[in-house]
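The data block below is final.cif; it holds mmCIF, C-alpha atoms.
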data_protein
loop_
_atom_site.label_atom_id
_atom_site.label_comp_id
_atom_site.auth_asym_id
_atom_site.auth_seq_id
_atom_site.Cartn_x
_atom_site.Cartn_y
_atom_site.Cartn_z
CA MET A 168 99.29 135.37 165.69
CA GLU A 169 99.69 139.14 165.79
CA MET A 170 102.67 138.78 163.44
CA ILE A 171 100.58 136.85 160.91
CA LYS A 172 97.78 139.41 161.09
CA SER A 173 100.28 142.20 160.59
CA TRP A 174 101.85 140.46 157.57
CA TYR A 175 98.43 139.77 156.06
CA ALA A 176 97.36 143.39 156.59
CA SER A 177 100.46 144.70 154.86
CA ASN A 178 100.23 142.21 151.96
CA ALA A 179 96.48 141.93 151.59
CA ASP A 180 96.36 143.85 148.32
CA MET A 181 99.13 141.72 146.82
CA LEU A 182 97.41 138.47 147.85
CA ILE A 183 94.10 139.61 146.48
CA ASN A 184 95.69 140.65 143.19
CA TYR A 185 97.54 137.33 142.93
CA ALA A 186 94.36 135.39 143.71
CA ILE A 187 92.51 137.32 141.03
CA ALA A 188 95.36 136.72 138.56
CA LEU A 189 95.37 133.01 139.39
CA LEU A 190 91.60 132.82 138.93
CA ILE A 191 91.86 134.62 135.58
CA ALA A 192 94.72 132.31 134.48
CA VAL A 193 92.65 129.23 135.32
CA LEU A 194 89.70 130.76 133.50
CA ILE A 195 91.87 131.53 130.47
CA TYR A 196 93.12 127.94 130.40
CA TRP A 197 89.63 126.46 130.80
CA VAL A 198 87.95 128.70 128.25
CA GLY A 199 90.96 128.52 125.92
CA SER A 200 90.97 124.72 125.92
CA LYS A 201 87.27 124.71 125.04
CA ILE A 202 87.79 127.25 122.26
CA ALA A 203 90.79 125.30 120.92
CA LYS A 204 88.69 122.15 120.76
CA VAL A 205 85.82 123.98 119.03
CA ILE A 206 88.17 125.59 116.49
CA SER A 207 89.98 122.32 115.71
CA ASN A 208 86.61 120.58 115.24
CA LEU A 209 85.44 123.46 113.04
CA VAL A 210 88.58 123.19 110.92
CA GLY A 211 87.91 119.48 110.56
CA LYS A 212 84.30 120.05 109.51
CA LEU A 213 85.30 122.67 106.94
CA MET A 214 87.82 120.28 105.41
CA VAL A 215 85.20 117.51 105.38
CA LYS A 216 82.80 119.83 103.52
CA ARG A 217 85.52 120.41 100.95
CA LYS A 218 85.69 116.61 100.61
CA LEU A 219 89.32 116.36 101.61
CA ASP A 220 90.85 113.02 102.49
CA PRO A 221 89.83 111.95 106.05
CA VAL A 222 93.50 111.21 106.71
CA ILE A 223 94.39 114.88 106.08
CA VAL A 224 91.40 116.05 108.14
CA SER A 225 92.50 114.02 111.16
CA PHE A 226 96.12 115.16 110.88
CA ILE A 227 95.39 118.89 110.49
CA SER A 228 92.77 118.85 113.27
CA SER A 229 95.23 117.30 115.72
CA LEU A 230 97.97 119.73 114.70
CA SER A 231 95.73 122.82 115.02
CA TYR A 232 94.54 121.76 118.47
CA GLY A 233 98.13 121.31 119.69
CA LEU A 234 99.20 124.74 118.41
CA LEU A 235 96.17 126.49 119.91
CA MET A 236 96.74 124.85 123.30
CA ALA A 237 100.35 126.10 123.25
CA PHE A 238 99.06 129.69 122.85
CA VAL A 239 96.50 129.17 125.62
CA ILE A 240 99.14 127.93 128.08
CA ILE A 241 101.43 130.87 127.29
CA ALA A 242 98.54 133.32 127.76
CA ALA A 243 97.64 131.76 131.13
CA LEU A 244 101.24 131.93 132.35
CA SER A 245 101.50 135.54 131.17
CA GLN A 246 98.49 136.41 133.35
CA LEU A 247 100.37 135.03 136.35
CA GLY A 248 103.24 137.41 135.67
CA VAL A 249 105.55 134.91 134.04
CA GLN A 250 107.77 136.62 131.46
CA THR A 251 106.64 134.85 128.33
CA ALA A 252 109.62 136.06 126.28
CA SER A 253 112.06 134.40 128.62
CA PHE A 254 109.67 131.53 129.05
CA ILE A 255 109.58 130.95 125.29
CA ALA A 256 113.38 131.08 125.24
CA ILE A 257 113.47 128.50 128.03
CA ILE A 258 110.97 126.35 126.14
CA GLY A 259 113.16 126.67 123.04
CA ALA A 260 116.25 125.54 124.92
CA ALA A 261 114.34 122.76 126.63
CA GLY A 262 112.80 121.85 123.30
CA LEU A 263 116.25 121.47 121.78
CA ALA A 264 117.34 119.18 124.61
CA VAL A 265 114.11 117.20 124.45
CA GLY A 266 114.36 117.11 120.66
CA LEU A 267 117.78 115.49 120.86
CA ALA A 268 116.37 112.93 123.28
CA LEU A 269 113.27 112.37 121.17
CA GLN A 270 114.75 112.19 117.72
CA GLY A 271 112.54 109.23 116.92
CA SER A 272 109.36 111.15 117.77
CA LEU A 273 110.48 114.15 115.71
CA SER A 274 111.27 111.79 112.88
CA ASN A 275 107.75 110.37 113.15
CA PHE A 276 106.30 113.89 113.06
CA ALA A 277 108.35 114.84 110.00
CA SER A 278 107.37 111.57 108.33
CA GLY A 279 103.72 112.37 109.00
CA ILE A 280 104.18 115.68 107.17
CA LEU A 281 105.74 113.83 104.23
CA ILE A 282 102.85 111.35 104.11
CA ILE A 283 100.34 114.19 104.04
CA ALA A 284 102.34 116.12 101.43
CA PHE A 285 102.99 113.29 98.96
CA ARG A 286 99.93 111.16 99.78
CA PRO A 287 101.18 107.68 98.82
CA PHE A 288 97.87 106.36 100.17
CA LYS A 289 94.54 107.62 101.47
CA ALA A 290 92.01 106.51 104.06
CA GLY A 291 90.37 103.24 103.01
CA ASP A 292 93.34 102.01 100.95
CA PHE A 293 94.72 98.56 101.66
CA ILE A 294 98.47 98.93 102.06
CA GLU A 295 101.52 97.00 103.16
CA ALA A 296 104.17 99.07 104.95
CA GLY A 297 106.38 98.92 108.00
CA GLY A 298 106.04 95.15 108.25
CA ALA A 299 102.23 95.19 108.49
CA ALA A 300 99.28 95.11 106.11
CA GLY A 301 95.77 96.49 106.46
CA VAL A 302 93.26 99.21 105.63
CA VAL A 303 94.35 102.78 106.43
CA GLU A 304 92.06 104.36 109.03
CA SER A 305 93.88 107.57 109.97
CA ILE A 306 97.22 109.36 110.19
CA LYS A 307 98.09 110.96 113.53
CA LEU A 308 100.94 113.33 114.36
CA PHE A 309 103.33 110.49 115.10
CA SER A 310 101.67 107.31 113.83
CA THR A 311 99.52 105.76 111.14
CA ILE A 312 96.57 103.60 112.20
CA ILE A 313 95.64 100.64 110.01
CA ARG A 314 93.13 97.81 110.46
CA SER A 315 94.29 94.30 109.61
CA GLY A 316 92.19 91.76 107.74
CA ASP A 317 91.21 90.05 111.02
CA ASN A 318 90.10 93.43 112.48
CA LYS A 319 93.14 94.18 114.63
CA GLU A 320 94.24 97.79 115.07
CA ILE A 321 97.88 98.27 114.13
CA ILE A 322 99.68 101.47 115.13
CA LEU A 323 102.70 102.10 112.91
CA PRO A 324 105.25 104.85 113.62
CA ASN A 325 105.20 107.24 110.67
CA SER A 326 108.96 106.89 110.26
CA ALA A 327 108.53 103.12 109.83
CA VAL A 328 105.96 103.73 107.10
CA VAL A 329 108.07 106.28 105.19
CA GLY A 330 111.29 104.31 105.74
CA SER A 331 109.94 101.13 104.14
CA ALA A 332 108.56 100.15 100.76
CA ILE A 333 104.87 101.10 100.61
CA ILE A 334 102.70 98.70 98.62
CA ASN A 335 99.29 100.21 97.90
CA TYR A 336 96.97 97.47 96.72
CA SER A 337 94.10 99.93 96.21
CA ALA A 338 95.96 102.50 94.12
CA LYS A 339 94.94 100.93 90.79
CA PRO A 340 91.39 99.99 89.79
CA THR A 341 92.40 96.51 88.58
CA ARG A 342 94.73 93.75 89.76
CA ARG A 343 96.01 90.50 88.30
CA ILE A 344 95.54 87.20 90.11
CA ASP A 345 98.56 84.90 89.76
CA LEU A 346 97.78 81.21 90.22
CA VAL A 347 100.14 78.28 89.63
CA ILE A 348 98.28 75.03 88.99
CA GLY A 349 100.18 71.75 88.69
CA VAL A 350 98.80 68.74 86.80
CA SER A 351 100.13 65.23 86.39
CA TYR A 352 102.57 64.38 83.60
CA ASP A 353 100.08 61.71 82.53
CA ALA A 354 97.43 64.34 81.79
CA ASP A 355 96.76 65.74 78.32
CA ILE A 356 98.08 69.30 78.72
CA ARG A 357 95.90 70.58 75.85
CA HIS A 358 92.83 69.30 77.62
CA ALA A 359 94.06 70.63 80.98
CA LYS A 360 94.64 74.07 79.48
CA LYS A 361 91.14 74.02 77.95
CA ILE A 362 89.60 73.18 81.33
CA LEU A 363 91.51 75.92 83.14
CA THR A 364 90.50 78.46 80.49
CA GLU A 365 86.84 77.46 80.78
CA VAL A 366 86.89 77.87 84.57
CA VAL A 367 88.39 81.34 84.28
CA GLU A 368 85.99 82.48 81.57
CA ALA A 369 82.99 81.15 83.54
CA SER A 370 83.55 83.75 86.27
CA ASP A 371 81.54 86.91 85.59
CA LYS A 372 83.96 88.95 87.73
CA VAL A 373 86.99 88.21 85.55
CA LEU A 374 87.66 91.08 83.17
CA LYS A 375 87.69 90.49 79.42
CA ASN A 376 90.31 93.18 78.89
CA PRO A 377 93.14 92.56 79.60
CA GLU A 378 92.58 89.03 78.39
CA PRO A 379 93.24 86.24 80.92
CA LEU A 380 96.39 84.17 80.39
CA VAL A 381 96.56 80.40 80.79
CA ALA A 382 99.90 78.86 79.76
CA VAL A 383 102.41 76.14 80.62
CA HIS A 384 104.92 77.70 82.99
CA THR A 385 107.39 75.01 84.08
CA LEU A 386 108.03 71.30 83.76
CA ALA A 387 108.60 70.65 87.45
CA ASP A 388 109.90 67.48 89.16
CA SER A 389 106.46 65.89 89.60
CA SER A 390 104.04 68.13 87.73
CA VAL A 391 103.44 70.29 84.70
CA ASN A 392 102.76 73.75 86.12
CA PHE A 393 100.33 76.15 84.47
CA VAL A 394 100.10 79.85 85.22
CA VAL A 395 96.55 81.19 85.41
CA ARG A 396 96.50 85.00 85.31
CA PRO A 397 93.09 86.66 85.11
CA TRP A 398 92.49 90.39 85.72
CA VAL A 399 89.81 91.59 88.15
CA LYS A 400 88.68 94.76 89.90
CA SER A 401 90.85 95.41 92.96
CA SER A 402 87.83 95.02 95.25
CA ASP A 403 87.09 91.57 93.75
CA TYR A 404 90.62 90.16 94.14
CA TRP A 405 90.13 87.78 97.07
CA PRO A 406 86.56 86.65 96.25
CA VAL A 407 87.65 85.70 92.71
CA TYR A 408 90.88 84.11 93.99
CA PHE A 409 89.01 81.75 96.32
CA GLU A 410 86.31 81.07 93.74
CA LEU A 411 88.82 80.07 91.06
CA MET A 412 90.84 77.83 93.38
CA GLU A 413 87.71 75.90 94.39
CA ASN A 414 86.25 75.64 90.87
CA ILE A 415 89.57 74.55 89.33
CA LYS A 416 89.88 71.70 91.83
CA ILE A 417 86.29 70.61 91.18
CA ARG A 418 86.66 70.64 87.39
CA LEU A 419 90.01 68.84 87.39
CA ASP A 420 88.52 66.12 89.59
CA GLU A 421 85.51 65.82 87.27
CA GLU A 422 87.83 65.48 84.26
CA LYS A 423 90.01 62.90 86.08
CA ILE A 424 93.06 65.14 85.76
CA GLY A 425 95.42 64.43 88.63
CA ILE A 426 96.98 67.15 90.79
CA PRO A 427 100.33 65.83 92.11
CA TYR A 428 101.07 66.14 95.81
CA PRO A 429 104.17 65.25 97.85
CA GLN A 430 104.31 61.60 98.80
CA MET A 431 106.85 59.06 100.01
CA ASP A 432 107.19 55.37 99.08
CA VAL A 433 108.67 53.15 101.80
CA HIS A 434 110.22 49.83 100.63
CA ILE A 435 110.95 47.04 103.15
CA HIS A 436 113.59 44.48 102.09
CA LYS A 437 113.66 41.06 103.79
CA ASN A 438 117.09 39.83 104.90
CA SER A 439 117.30 36.17 103.76
CA GLU A 440 120.31 35.31 105.99
CA SER A 441 118.73 36.37 109.24
CA GLY A 442 115.30 35.20 108.21
CA GLU A 443 113.88 38.59 109.05
#
What would you get if you wrote out this structure as structure tokens?
Amino acid sequence: MEMIKSWYASNADMLINYAIALLIAVLIYWVGSKIAKVISNLVGKLMVKRKLDPVIVSFISSLSYGLLMAFVIIAALSQLGVQTASFIAIIGAAGLAVGLALQGSLSNFASGILIIAFRPFKAGDFIEAGGAAGVVESIKLFSTIIRSGDNKEIILPNSAVVGSAIINYSAKPTRRIDLVIGVSYDADIRHAKKILTEVVEASDKVLKNPEPLVAVHTLADSSVNFVVRPWVKSSDYWPVYFELMENIKIRLDEEKIGIPYPQMDVHIHKNSESGE
């Protein structure tokens, strides 16, 4: 006991100084993390006021918070007496080793930078990329978040997005609907074409310019196939698609124009010798 008291008496100043340094380091980390969060949020709000793309706002906010937290951690360690110069060198060496092990993550980060720089799509666009399709919600440091048509959240690695063909269905203000409608060979194709044209022109959402196209496409095995190609606003694509499919079927039925469908005829032959 006397030995402990003697050691404490001789090292009291050192322990007190270390305790104070530890308390200050914790305080630096706590206050620094709060300040980093406030600054990253402030950066985000400033970019929102400038009406920048929400995708860019989310990406830059996340990046700024990560960089600020790195400075906060270094400052806290410096208060504890850790040599930050050597510490940074160690982090650099460790970063190289980790980077080699996490090439995929670094690739995702670099791909995120490319997406922000070249902006092949923006928040709210409906895209198809990386084997998935949906509305873009945000771009993170390593992934892109999209929402599918049935409201599922899909997280795509940024490298998968950049490394695949990106189809942006919202990039242009108008789109063309491509329908293939087959009618029976017994039908009058002039009359069938007239009916299809009337159905298309009856829709107030079909654009007049470019002019819709209705034409014979192929003489198939069991049907004469028409292509029906109206132009619509991109936002009206699916409503008009479903509307036309329903109205075409109704009108063709009313006009007694048959729509061929796959069918099979089964013939049974009676064997006269066996009496069967």
Hits from the PyMOL selection byres ((chain A and resi 369-377) around 12), listed as JSON, numbers by chain: {"A": [340, 341, 342, 343, 344, 362, 363, 364, 365, 366, 367, 368, 378, 379, 380, 395, 396, 397, 398, 399, 400, 401, 402, 403, 404, 405, 406, 407, 408, 409, 410, 411, 412, 414, 415, 418]}
Residues within 8 Å of (95.1, 109.9, 113.6), file coords, only C-alpha atoms, listed as a count of residues only: 12
Spatial neighbours of A:Ser389, max dist 10 Å, all atoms listed in the file, sep filter under 5 positions, as a count of residues only: 8
Contacts of A:Phe288 at 7 Å (only C-alpha atoms; same-chain gap of 2+ positions) as a ChimeraX atom specification: /A:286,292,335
Point-to-point distance in Å for atom CA of A:Leu234 and atom CA of A:Tyr185: 27.6 Å
Result set, the PyMOL selection byres ((chain A and resi 192) around 12) on current file, as a ChimeraX atom specification: /A:185-191,193-199,239-249
Interatomic distance, atom CA of A:Leu230 to atom CA of A:Ala296 (Å, one decimal):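 Separating atom CA of A:Leu230 from atom CA of A:Ala296 is a distance of 23.7 Å.
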Residues within 8 Å of stretch 281-285 of chain A, only C-alpha atoms, excluding chain neighbours under 2 positions, as a list in words: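 Listing them by chain and then by number gives Val222, Ile223, Ala277, Ser278, Gly279, Pro287 and Val329 of chain A.
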